[in-house]
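Trainee: Here you go, one structure.
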Amino acid sequence: MATKKATKKATKKATKKVAKKATTKKVAKKATKKVATKKVAKKVKAKTKRKPNAAFMKPLTPSADLAKITGPKPLPRTQVMKKLWDYIKKNNLQDTKNKRNINCDDVMKVVMGKSTVSMFEMAKFIGKHLK
């Protein structure tokens with residue numbers, strides 16, 4: 001009697017192992033199919049090219065005070081900010097302890113309205129001087 005029970009247990013274990021192997025193979029196949037479809041979708045998105053915003057590229061005329069820093073010619077906002085940063089670096093106006101602050105000289109103080117300005121506030125003050 002003991003041998004019959006042992007053989008039944010052995011056959012049950014063997015069938016369970018076979019069933020587990022079959023389910024893991026199915027799961028693995030499904031996962032690989034999903035990965036392949038995701039790769040195709042990414043390739044399609046990469047082909048479209050991003051266009052720049054026309055509002056940033058529109059040339060604006062600086063005021064007389066701002067023209068002392070950037071020049072009198074009409075420039076897009078992006079170029080105005082670039083020239084302003086060139087002026088700040090050339091004259092060493094960035095605060096040494098807190099790099100986010102700019103210590104304005106006499107020319108910049110007229111444009112910004114304060115002696116110390118955060119780099120995040122600069123766009124707000126420059127907007128008033130562009131038309």
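By order of appearance in the structure tokens: chains A, B, ..., then residues from 1 within every chain, and ligands from 1 in the order shown.
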Could you list, as an MDAnalysis selection string, every residue within 10 Å of Lys128 in chain A, counting only C-alpha atoms and ignoring same-chain residues fewer than 3 positions away?

Mentor: chainID A and resid 62:63 66 111:112 123:125 131

Trainee: Generate a file of the selected residues that holds N, CA and C atoms, formatted as an mmCIF file, in the first residue's frame.

Mentor:
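Result file selection29.cif:
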data_model
loop_
_atom_site.group_PDB
_atom_site.id
_atom_site.type_symbol
_atom_site.label_atom_id
_atom_site.label_comp_id
_atom_site.auth_asym_id
_atom_site.auth_seq_id
_atom_site.Cartn_x
_atom_site.Cartn_y
_atom_site.Cartn_z
ATOM 1 N N PRO A 62 13.954 96.696 -29.205
ATOM 2 C CA PRO A 62 14.239 97.017 -27.805
ATOM 3 C C PRO A 62 14.087 98.510 -27.526
ATOM 4 N N SER A 63 13.809 98.837 -26.266
ATOM 5 C CA SER A 63 13.731 100.244 -25.871
ATOM 6 C C SER A 63 15.140 100.840 -25.888
ATOM 7 N N LEU A 66 17.341 99.292 -23.099
ATOM 8 C CA LEU A 66 17.757 97.926 -23.399
ATOM 9 C C LEU A 66 18.706 97.887 -24.590
ATOM 10 N N VAL A 111 17.181 99.120 -16.737
ATOM 11 C CA VAL A 111 16.315 98.154 -17.409
ATOM 12 C C VAL A 111 15.545 97.315 -16.398
ATOM 13 N N MET A 112 16.233 96.796 -15.378
ATOM 14 C CA MET A 112 15.613 95.867 -14.426
ATOM 15 C C MET A 112 14.804 96.575 -13.332
ATOM 16 N N ALA A 123 13.292 87.797 -17.439
ATOM 17 C CA ALA A 123 12.384 87.790 -18.597
ATOM 18 C C ALA A 123 11.193 88.714 -18.352
ATOM 19 N N LYS A 124 10.733 88.778 -17.111
ATOM 20 C CA LYS A 124 9.600 89.646 -16.766
ATOM 21 C C LYS A 124 9.982 91.114 -16.980
ATOM 22 N N PHE A 125 11.162 91.510 -16.539
ATOM 23 C CA PHE A 125 11.576 92.911 -16.676
ATOM 24 C C PHE A 125 11.921 93.263 -18.123
ATOM 25 N N LYS A 131 9.073 95.802 -27.829
ATOM 26 C CA LYS A 131 7.810 96.110 -28.525
ATOM 27 C C LYS A 131 7.801 95.503 -29.893
#

Trainee: Have a look at A:Thr96, A:Thr48, A:Asn91, A:Asn53 and name the one nearest to Met108 in chain A; count only C-alpha atoms.

Mentor: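 Selected residue with least distance to Met108 in chain A: A:Asn91.
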
Trainee: One decimal, Å: what's the distance from CA of Ile126 in chain A over to CA of Met81 in chain A, could you say?

Mentor: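 According to the coordinates, CA of Ile126 in chain A and CA of Met81 in chain A are separated by 8.5 Å.
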
Trainee: Rank A:Lys83, A:His129, A:Met119, A:Arg77 by their smallest atom-to-atom distance to Asn103 in chain A, using only C-alpha atoms, and report the top residue only.

Mentor: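 Checking each candidate against Asn103 in chain A, we get A:Met119 as the closest.
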
Trainee: Using only C-alpha atoms for the distances, tell me which of A:Met57, A:Leu84, A:Leu93, A:Leu130 is nearest to Thr70 in chain A.

Mentor: A:Leu84

Trainee: Tell me, which residues of range 48-119 of chain A carry DSSP strand (DSSP E), written as a ChimeraX atom specification?

Mentor: /A:101-103,116-118

Trainee: Would you mind exporting the chosen residues as a short mmCIF file (atom, residue, chain, number, x, y, z; two decimals), in the first residue's frame, restricted to C-alpha atoms?

Mentor:
data_model
loop_
_atom_site.label_atom_id
_atom_site.label_comp_id
_atom_site.auth_asym_id
_atom_site.auth_seq_id
_atom_site.Cartn_x
_atom_site.Cartn_y
_atom_site.Cartn_z
CA ASN A 101 21.15 86.36 -8.56
CA ILE A 102 22.53 89.04 -10.83
CA ASN A 103 24.03 92.23 -9.36
CA THR A 116 19.76 92.67 -7.52
CA VAL A 117 17.60 90.50 -9.78
CA SER A 118 16.95 86.75 -9.83
#
